[in-house]
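Engineer: Got a structure for you, written out below as C-alpha cells; questions coming shortly.
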Amino acid sequence: MDRRYVEVVGVRRTGWAALDRDPQEDKVEYVCPHCGARSQKNARRERALYHFTDGFLQDLQGEVTQCRACNQSLRVVPIVMLYDQDEARRFEAVFSQELSAAAH
C-alpha cells in the first residue's frame with residue numbers, strides 16, 4: 001500500500017538560531033498545511049546526515065509525523081538546519097511562499 005502524505009518544510013534550529021530555548025532540546029518546527037497550526041517534534045536524524053543543498057544544510061529524506069492540533073499525518077521534508085540569525089533570515093526569504101501557503 002502506497003500512502004501519500006502532504007509535505008511541509010521543517011526547520012531545525014541550532015546554535016545561535018536556538019538561543020530562545022533549552023540547548024538540550026533538539027526540535028523540528030513546522031506549520032501544518034491542514035490546519036495552519038505551528039507545531040514541533042523531536043528531531044530524530046543525526047546532524048551528520050544533513051547535506052548541503054541549495055545553500056542550506058538539509059535533510060531531504062525527511063520524517064513522517066502527525067500534527068498535534070488536527071491529528072493529520074504529514075511528511076516534514078526538507079528539514080532545513082539553521083545555525084544563526086543570518087541563515088534564518090535567508091531561509092525565510094527563500095521559502096517565504098511555501099511557508100505562507102502552508103499557513104493558509
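Chains: A, B, ... in order of the C-alpha cells. Residues: from 1 per chain. Ligands: from 1, in order shown.
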I'd like the contact shell of Lys27 (chain A) - 7 Å cut-off, only C-alpha atoms, skipping same-chain residues fewer than 6 positions apart - returned as a list of chain:residue names.
Structural biologist: A:Arg12, A:Gln40, A:Lys41, A:Asn42, A:Ala43
Engineer: Would you kindly return, as number ranges by chain, each protein, DNA or RNA residue with an atom no farther than 9 Å from any atom of Cys32 (chain A), considering only C-alpha atoms and excluding same-chain residues fewer than 6 positions away?
Structural biologist: A: 8, 38-39, 67, 69-70, 72, 74, 102-103
Engineer: Only N, CA, C and O atoms, please: the residues just picked out, written as a PDB file, in the first residue's frame.
Structural biologist:
ATOM      1  N   VAL A   8       5.592  19.217   4.025  1.00  0.00           N
ATOM      2  CA  VAL A   8       5.734  20.532   4.626  1.00  0.00           C
ATOM      3  C   VAL A   8       7.207  20.761   4.942  1.00  0.00           C
ATOM      4  O   VAL A   8       7.937  19.812   5.233  1.00  0.00           O
ATOM      5  N   ARG A  38       1.162  26.001  14.185  1.00  0.00           N
ATOM      6  CA  ARG A  38       2.610  25.815  14.322  1.00  0.00           C
ATOM      7  C   ARG A  38       2.820  24.661  15.291  1.00  0.00           C
ATOM      8  O   ARG A  38       2.175  24.597  16.334  1.00  0.00           O
ATOM      9  N   SER A  39       3.712  23.765  14.932  1.00  0.00           N
ATOM     10  CA  SER A  39       3.951  22.598  15.770  1.00  0.00           C
ATOM     11  C   SER A  39       5.432  22.254  15.725  1.00  0.00           C
ATOM     12  O   SER A  39       6.201  22.846  14.970  1.00  0.00           O
ATOM     13  N   CYS A  67       0.273  15.909  13.089  1.00  0.00           N
ATOM     14  CA  CYS A  67       0.006  17.216  13.667  1.00  0.00           C
ATOM     15  C   CYS A  67      -0.697  17.032  15.010  1.00  0.00           C
ATOM     16  O   CYS A  67      -1.667  16.280  15.110  1.00  0.00           O
ATOM     17  N   ALA A  69      -2.411  19.286  16.541  1.00  0.00           N
ATOM     18  CA  ALA A  69      -3.658  20.055  16.582  1.00  0.00           C
ATOM     19  C   ALA A  69      -4.808  19.338  15.865  1.00  0.00           C
ATOM     20  O   ALA A  69      -5.908  19.249  16.398  1.00  0.00           O
ATOM     21  N   CYS A  70      -4.552  18.809  14.659  1.00  0.00           N
ATOM     22  CA  CYS A  70      -5.636  18.214  13.871  1.00  0.00           C
ATOM     23  C   CYS A  70      -5.481  16.709  13.648  1.00  0.00           C
ATOM     24  O   CYS A  70      -6.333  16.088  13.012  1.00  0.00           O
ATOM     25  N   GLN A  72      -3.685  15.048  11.653  1.00  0.00           N
ATOM     26  CA  GLN A  72      -3.447  14.628  10.276  1.00  0.00           C
ATOM     27  C   GLN A  72      -1.989  14.211  10.120  1.00  0.00           C
ATOM     28  O   GLN A  72      -1.092  14.829  10.676  1.00  0.00           O
ATOM     29  N   LEU A  74       1.502  13.876   8.134  1.00  0.00           N
ATOM     30  CA  LEU A  74       2.204  14.659   7.126  1.00  0.00           C
ATOM     31  C   LEU A  74       3.675  14.290   7.127  1.00  0.00           C
ATOM     32  O   LEU A  74       4.177  13.653   8.048  1.00  0.00           O
ATOM     33  N   ALA A 102       1.444  27.310   3.463  1.00  0.00           N
ATOM     34  CA  ALA A 102       1.120  26.325   4.500  1.00  0.00           C
ATOM     35  C   ALA A 102       0.302  26.944   5.624  1.00  0.00           C
ATOM     36  O   ALA A 102      -0.492  26.271   6.267  1.00  0.00           O
ATOM     37  N   ALA A 103       0.466  28.219   5.851  1.00  0.00           N
ATOM     38  CA  ALA A 103      -0.260  28.893   6.937  1.00  0.00           C
ATOM     39  C   ALA A 103      -1.707  29.185   6.562  1.00  0.00           C
ATOM     40  O   ALA A 103      -2.509  29.500   7.418  1.00  0.00           O
TER      41      ALA A 103
END
Engineer: Using only C-alpha atoms for the distances, tell me which of A:Glu29, A:Glu92, A:Asp22, A:Glu87 is nearest to Thr65 (chain A).
Structural biologist: A:Glu29
Engineer: Taking only C-alpha atoms into account, which of A:Phe56, A:Tyr30, A:Tyr50, A:Phe91 comes nearest Arg68 (chain A)?
Structural biologist: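 Checking each of A:Phe56, A:Tyr30, A:Tyr50, A:Phe91 against Arg68 (chain A), counting only C-alpha atoms, the winner is A:Tyr30.
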Engineer: Could you find all residues in region 14-71 of chain A that DSSP calls helix (DSSP H, G or I) from the backbone, and write them as a PyMOL selection string?
Structural biologist: chain A and resi 15-18+47-49
Engineer: Got time to write the residues from that selection, N, CA, C and O atoms, as a PDB file, in the first residue's frame?
Structural biologist:
ATOM      1  N   GLY A  15      22.554  26.166  17.486  1.00  0.00           N
ATOM      2  CA  GLY A  15      23.476  27.259  17.746  1.00  0.00           C
ATOM      3  C   GLY A  15      22.800  28.578  18.073  1.00  0.00           C
ATOM      4  O   GLY A  15      21.906  28.655  18.897  1.00  0.00           O
ATOM      5  N   TRP A  16      23.233  29.651  17.387  1.00  0.00           N
ATOM      6  CA  TRP A  16      22.725  30.997  17.644  1.00  0.00           C
ATOM      7  C   TRP A  16      21.258  31.148  17.266  1.00  0.00           C
ATOM      8  O   TRP A  16      20.567  32.014  17.797  1.00  0.00           O
ATOM      9  N   ALA A  17      20.756  30.328  16.353  1.00  0.00           N
ATOM     10  CA  ALA A  17      19.352  30.426  15.951  1.00  0.00           C
ATOM     11  C   ALA A  17      18.419  29.851  17.014  1.00  0.00           C
ATOM     12  O   ALA A  17      17.222  30.085  16.975  1.00  0.00           O
ATOM     13  N   ALA A  18      18.967  29.105  17.986  1.00  0.00           N
ATOM     14  CA  ALA A  18      18.143  28.451  19.010  1.00  0.00           C
ATOM     15  C   ALA A  18      18.365  29.037  20.401  1.00  0.00           C
ATOM     16  O   ALA A  18      18.197  28.348  21.396  1.00  0.00           O
ATOM     17  N   ARG A  47      22.709  14.914  12.892  1.00  0.00           N
ATOM     18  CA  ARG A  47      23.082  16.118  12.136  1.00  0.00           C
ATOM     19  C   ARG A  47      24.069  15.801  11.028  1.00  0.00           C
ATOM     20  O   ARG A  47      24.102  16.475  10.003  1.00  0.00           O
ATOM     21  N   ALA A  48      24.864  14.753  11.195  1.00  0.00           N
ATOM     22  CA  ALA A  48      25.848  14.373  10.181  1.00  0.00           C
ATOM     23  C   ALA A  48      25.177  13.871   8.896  1.00  0.00           C
ATOM     24  O   ALA A  48      25.811  13.835   7.845  1.00  0.00           O
ATOM     25  N   LEU A  49      23.907  13.503   8.949  1.00  0.00           N
ATOM     26  CA  LEU A  49      23.200  13.002   7.774  1.00  0.00           C
ATOM     27  C   LEU A  49      22.626  14.123   6.913  1.00  0.00           C
ATOM     28  O   LEU A  49      22.082  13.859   5.847  1.00  0.00           O
TER      29      LEU A  49
END
Engineer: Please return, as an MDAnalysis selection string, all residues of chain A that DSSP assigns to strand (DSSP E) on the basis of the backbone.
Structural biologist: chainID A and resid 6:13 27:31 38:42 51:53 56:59 63:66 73:82
Engineer: Can you list, as a VMD selection string, every protein, DNA or RNA residue that comes within 9 Å of Tyr5 (chain A) when you count only C-alpha atoms, leaving out same-chain residues fewer than 2 positions away?
Structural biologist: chain A and resid 3 7 64 73 to 75
Engineer: Next, the residues of the selection above should be written as a compact mmCIF listing (two decimals), in the first residue's frame with N, CA and C atoms.
Structural biologist:
# COMPACT_ATOMS: atom_id res chain seq x y z
N ARG A 3 1.10 5.02 0.68
CA ARG A 3 0.44 6.17 1.30
C ARG A 3 1.13 7.44 0.87
N GLU A 7 3.38 17.16 2.11
CA GLU A 7 4.73 17.54 2.52
C GLU A 7 4.76 18.98 3.02
N VAL A 64 8.19 11.42 8.88
CA VAL A 64 6.72 11.42 8.92
C VAL A 64 6.30 11.71 10.35
N SER A 73 -1.75 13.15 9.35
CA SER A 73 -0.39 12.71 9.08
C SER A 73 0.21 13.58 7.99
N LEU A 74 1.50 13.88 8.13
CA LEU A 74 2.20 14.66 7.13
C LEU A 74 3.68 14.29 7.13
N ARG A 75 4.33 14.68 6.07
CA ARG A 75 5.76 14.39 5.91
C ARG A 75 6.51 15.71 5.97
Engineer: What's the separation between CA of Asp54 (chain A) and CA of Val28 (chain A), in Å to one decimal place?
Structural biologist: 19.2 Å
Engineer: Using only C-alpha atoms, which of the listed residues (A:Leu19, A:Pro33, A:Ile79, A:Arg90) sits closest to Arg45 (chain A)?
Structural biologist: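 Checking each candidate against Arg45 (chain A), we get A:Ile79 as the closest.
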Engineer: For CA of Val94 (chain A) and CA of Asp26 (chain A), determine how far apart the two atoms are, in Å to one decimal place.
Structural biologist: 23.1 Å
Engineer: Counting only C-alpha atoms, figure out which residue out of A:Asp86, A:Glu25, A:Glu63, A:Asp20 gets nearest to Arg44 (chain A).
Structural biologist: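 Using only C-alpha atoms, Arg44 (chain A) sits closest to A:Glu63.
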